[in-house]
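**Student:** Take this structure first; my questions come after.
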Amino acid sequence: VNVINFKFIFFIIIIIIIMVMGNDLIASENETDEANLSVGILCQKDNIINTIPEVYDPINSKYGIDVSEFQGKIHWDTVFDQCVDFIFVRASEGITIQDKFYGENMTVLTEKNFFSGPYHFFVIGDDPEKQISNFVSQIKSYRSPNLAPVIDIEETSFVYTPKQDKKEIQDTLLKALKLVEEKTGCAPIVYTNLTFANKSLDNQLLATYKLWLAD
């Protein structure tokens, strides 16, 4: 009886040790996942974004597009035939909207080893921290982008609120950009058009981020 009890106690101890180690491993993976979200995102100096000249050069410039659920189901073979160099896919908008085709689009682009990355449509007036939390939760689900994340801000970013003054816009955008960099390990790219950039984005601190101008 003593031998059986000893074996039973030993078995229980082993089970407890395995459970504790398993919990520690899960916790460790969660911490690593949060700290290294940029796994799969290329921030290296040799990625395609860094080959684009600082001044527009029609010969050496790269041609990129952005897509979202508004295009519906995309016929990718047609897109690839159009000499597109890179594609950004809408992941989210504001604090609650997540693009329903993001996962499908990124999966196709990853399988094709195509230069692609996620973008967030920034809503002026929405809390920047909640917006980036929404963005990160979406791109975290699909570890496929190989380009730095993008924040899209333009005239249509005034969705729910009256137009804010320039300082408010710049302060909230800068906060959002810093949060993206902290959570992904990559300095994000700002996507906008020339008119909005000249009118609302003249803060020198924004010059530290790459700018993608809509054509």
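Convention: chains lettered A, B, ... in structure tokens order; per-chain residue numbering from 1; ligands numbered from 1 as shown.
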So which residues of stretch 51-188 of chain A fall under helix (DSSP H, G or I) by DSSP, listed as a count of residues only?
**Tutor:** 54
**Student:** I'd like the interatomic distance between atom CA of A:Leu206 and atom CA of A:Val84, to a tenth of an Å.
**Tutor:**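 One can read the atom CA of A:Leu206 to atom CA of A:Val84 distance as 27.3 Å.
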**Student:** Rank A:Gln138, A:Thr107, A:Thr208, A:Asn146 by their smallest atom-to-atom distance to A:Leu177, using only C-alpha atoms, and report the top residue only.
**Tutor:**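 Of A:Gln138, A:Thr107, A:Thr208, A:Asn146, the one nearest A:Leu177, counting only C-alpha atoms, is A:Thr208.
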**Student:** Need the shell around A:Lys73: protein/DNA/RNA residues with any atom at most 9 Å away, counting only C-alpha atoms. Skip same-chain ones fewer than 4 positions apart. Format as a PyMOL selection string?
**Tutor:** chain A and resi 69+101+105
**Student:** Output N, CA, C and O atoms for every residue in the selection just made, as a JSON list (two decimals), in the first residue's frame.
**Tutor:**
```json
[["chain", "number", "residue", "atom", "x", "y", "z"],
["A", 69, "GLU", "N", -11.50, 46.58, -48.06],
["A", 69, "GLU", "CA", -12.73, 45.83, -48.31],
["A", 69, "GLU", "C", -13.64, 46.52, -49.31],
["A", 69, "GLU", "O", -14.52, 45.90, -49.89],
["A", 101, "PHE", "N", -11.55, 41.96, -45.11],
["A", 101, "PHE", "CA", -10.74, 41.24, -46.09],
["A", 101, "PHE", "C", -9.25, 41.29, -45.79],
["A", 101, "PHE", "O", -8.44, 40.80, -46.58],
["A", 105, "ASN", "N", -6.53, 39.09, -47.84],
["A", 105, "ASN", "CA", -5.62, 39.81, -48.73],
["A", 105, "ASN", "C", -4.16, 39.59, -48.35],
["A", 105, "ASN", "O", -3.31, 39.35, -49.22]]
```
**Student:** Excluding A:Gly72 and residues on its chain fewer than 4 positions from it, collect all residues at most 12 Å away from it, counting only C-alpha atoms, and give them as a PDB file with all heavy atoms, in the first residue's frame.
**Tutor:**
```
ATOM      1  N   VAL A  67      -5.246  48.805 -50.841  1.00  0.00           N
ATOM      2  CA  VAL A  67      -6.521  48.116 -51.069  1.00  0.00           C
ATOM      3  C   VAL A  67      -7.265  47.965 -49.748  1.00  0.00           C
ATOM      4  O   VAL A  67      -6.666  48.014 -48.676  1.00  0.00           O
ATOM      5  CB  VAL A  67      -6.314  46.726 -51.716  1.00  0.00           C
ATOM      6  CG1 VAL A  67      -5.643  46.847 -53.070  1.00  0.00           C
ATOM      7  CG2 VAL A  67      -5.505  45.813 -50.788  1.00  0.00           C
ATOM      8  N   SER A  68      -8.569  47.777 -49.857  1.00  0.00           N
ATOM      9  CA  SER A  68      -9.392  47.596 -48.663  1.00  0.00           C
ATOM     10  C   SER A  68     -10.628  46.788 -49.026  1.00  0.00           C
ATOM     11  O   SER A  68     -10.803  46.378 -50.187  1.00  0.00           O
ATOM     12  CB  SER A  68      -9.810  48.950 -48.079  1.00  0.00           C
ATOM     13  OG  SER A  68     -10.794  49.558 -48.909  1.00  0.00           O
ATOM     14  N   TRP A  76      -6.325  39.089 -57.875  1.00  0.00           N
ATOM     15  CA  TRP A  76      -4.924  39.437 -57.659  1.00  0.00           C
ATOM     16  C   TRP A  76      -4.061  39.243 -58.909  1.00  0.00           C
ATOM     17  O   TRP A  76      -3.087  39.967 -59.117  1.00  0.00           O
ATOM     18  CB  TRP A  76      -4.357  38.660 -56.481  1.00  0.00           C
ATOM     19  CG  TRP A  76      -4.846  39.199 -55.172  1.00  0.00           C
ATOM     20  CD1 TRP A  76      -5.726  38.618 -54.298  1.00  0.00           C
ATOM     21  CD2 TRP A  76      -4.501  40.464 -54.591  1.00  0.00           C
ATOM     22  NE1 TRP A  76      -5.949  39.440 -53.217  1.00  0.00           N
ATOM     23  CE2 TRP A  76      -5.207  40.574 -53.373  1.00  0.00           C
ATOM     24  CE3 TRP A  76      -3.672  41.516 -54.990  1.00  0.00           C
ATOM     25  CZ2 TRP A  76      -5.107  41.688 -52.542  1.00  0.00           C
ATOM     26  CZ3 TRP A  76      -3.570  42.624 -54.178  1.00  0.00           C
ATOM     27  CH2 TRP A  76      -4.276  42.703 -52.967  1.00  0.00           C
ATOM     28  N   ASP A  99     -10.937  45.748 -41.067  1.00  0.00           N
ATOM     29  CA  ASP A  99     -11.253  45.399 -42.447  1.00  0.00           C
ATOM     30  C   ASP A  99     -11.495  43.897 -42.575  1.00  0.00           C
ATOM     31  O   ASP A  99     -10.651  43.088 -42.210  1.00  0.00           O
ATOM     32  CB  ASP A  99     -10.100  45.834 -43.362  1.00  0.00           C
ATOM     33  CG  ASP A  99     -10.491  45.829 -44.826  1.00  0.00           C
ATOM     34  OD1 ASP A  99     -10.736  44.739 -45.362  1.00  0.00           O
ATOM     35  OD2 ASP A  99     -10.542  46.912 -45.436  1.00  0.00           O
ATOM     36  N   LYS A 100     -12.653  43.522 -43.119  1.00  0.00           N
ATOM     37  CA  LYS A 100     -13.034  42.106 -43.156  1.00  0.00           C
ATOM     38  C   LYS A 100     -12.222  41.287 -44.163  1.00  0.00           C
ATOM     39  O   LYS A 100     -12.203  40.052 -44.088  1.00  0.00           O
ATOM     40  CB  LYS A 100     -14.524  41.971 -43.456  1.00  0.00           C
ATOM     41  CG  LYS A 100     -14.963  42.495 -44.810  1.00  0.00           C
ATOM     42  CD  LYS A 100     -16.478  42.393 -44.962  1.00  0.00           C
ATOM     43  CE  LYS A 100     -16.962  42.934 -46.291  1.00  0.00           C
ATOM     44  NZ  LYS A 100     -18.445  42.882 -46.406  1.00  0.00           N
ATOM     45  N   PHE A 101     -11.554  41.956 -45.109  1.00  0.00           N
ATOM     46  CA  PHE A 101     -10.744  41.235 -46.089  1.00  0.00           C
ATOM     47  C   PHE A 101      -9.248  41.292 -45.786  1.00  0.00           C
ATOM     48  O   PHE A 101      -8.440  40.805 -46.582  1.00  0.00           O
ATOM     49  CB  PHE A 101     -10.997  41.779 -47.500  1.00  0.00           C
ATOM     50  CG  PHE A 101     -12.308  41.347 -48.097  1.00  0.00           C
ATOM     51  CD1 PHE A 101     -13.232  42.288 -48.528  1.00  0.00           C
ATOM     52  CD2 PHE A 101     -12.624  40.004 -48.212  1.00  0.00           C
ATOM     53  CE1 PHE A 101     -14.448  41.902 -49.072  1.00  0.00           C
ATOM     54  CE2 PHE A 101     -13.836  39.601 -48.758  1.00  0.00           C
ATOM     55  CZ  PHE A 101     -14.755  40.552 -49.188  1.00  0.00           C
ATOM     56  N   TYR A 102      -8.881  41.897 -44.655  1.00  0.00           N
ATOM     57  CA  TYR A 102      -7.448  42.059 -44.361  1.00  0.00           C
ATOM     58  C   TYR A 102      -6.717  40.713 -44.336  1.00  0.00           C
ATOM     59  O   TYR A 102      -5.683  40.541 -44.986  1.00  0.00           O
ATOM     60  CB  TYR A 102      -7.238  42.784 -43.029  1.00  0.00           C
ATOM     61  CG  TYR A 102      -5.789  42.868 -42.631  1.00  0.00           C
ATOM     62  CD1 TYR A 102      -4.926  43.765 -43.267  1.00  0.00           C
ATOM     63  CD2 TYR A 102      -5.247  42.032 -41.645  1.00  0.00           C
ATOM     64  CE1 TYR A 102      -3.578  43.833 -42.940  1.00  0.00           C
ATOM     65  CE2 TYR A 102      -3.906  42.095 -41.316  1.00  0.00           C
ATOM     66  CZ  TYR A 102      -3.070  42.991 -41.955  1.00  0.00           C
ATOM     67  OH  TYR A 102      -1.738  43.050 -41.628  1.00  0.00           O
ATOM     68  N   GLU A 104      -7.522  37.759 -45.547  1.00  0.00           N
ATOM     69  CA  GLU A 104      -7.512  37.088 -46.857  1.00  0.00           C
ATOM     70  C   GLU A 104      -6.514  37.753 -47.796  1.00  0.00           C
ATOM     71  O   GLU A 104      -5.742  37.078 -48.489  1.00  0.00           O
ATOM     72  CB  GLU A 104      -8.917  37.136 -47.451  1.00  0.00           C
ATOM     73  CG  GLU A 104      -9.060  36.478 -48.801  1.00  0.00           C
ATOM     74  CD  GLU A 104     -10.475  36.556 -49.355  1.00  0.00           C
ATOM     75  OE1 GLU A 104     -11.435  36.568 -48.545  1.00  0.00           O
ATOM     76  OE2 GLU A 104     -10.623  36.613 -50.594  1.00  0.00           O
ATOM     77  N   ASN A 105      -6.531  39.088 -47.836  1.00  0.00           N
ATOM     78  CA  ASN A 105      -5.621  39.814 -48.732  1.00  0.00           C
ATOM     79  C   ASN A 105      -4.159  39.591 -48.353  1.00  0.00           C
ATOM     80  O   ASN A 105      -3.311  39.345 -49.217  1.00  0.00           O
ATOM     81  CB  ASN A 105      -5.943  41.305 -48.715  1.00  0.00           C
ATOM     82  CG  ASN A 105      -7.254  41.623 -49.421  1.00  0.00           C
ATOM     83  OD1 ASN A 105      -7.701  40.881 -50.287  1.00  0.00           O
ATOM     84  ND2 ASN A 105      -7.879  42.723 -49.047  1.00  0.00           N
TER      85      ASN A 105
END
```
**Student:** Need the shell around A:Ile132: protein/DNA/RNA residues with any atom at most 10 Å away, counting only C-alpha atoms. Skip same-chain ones fewer than 4 positions apart. Format as JSON, numbers by chain?
**Tutor:** {"A": [92, 93, 94, 95, 120, 122, 127, 128, 136, 137, 138, 151, 175, 176, 177, 178, 179, 180, 183]}
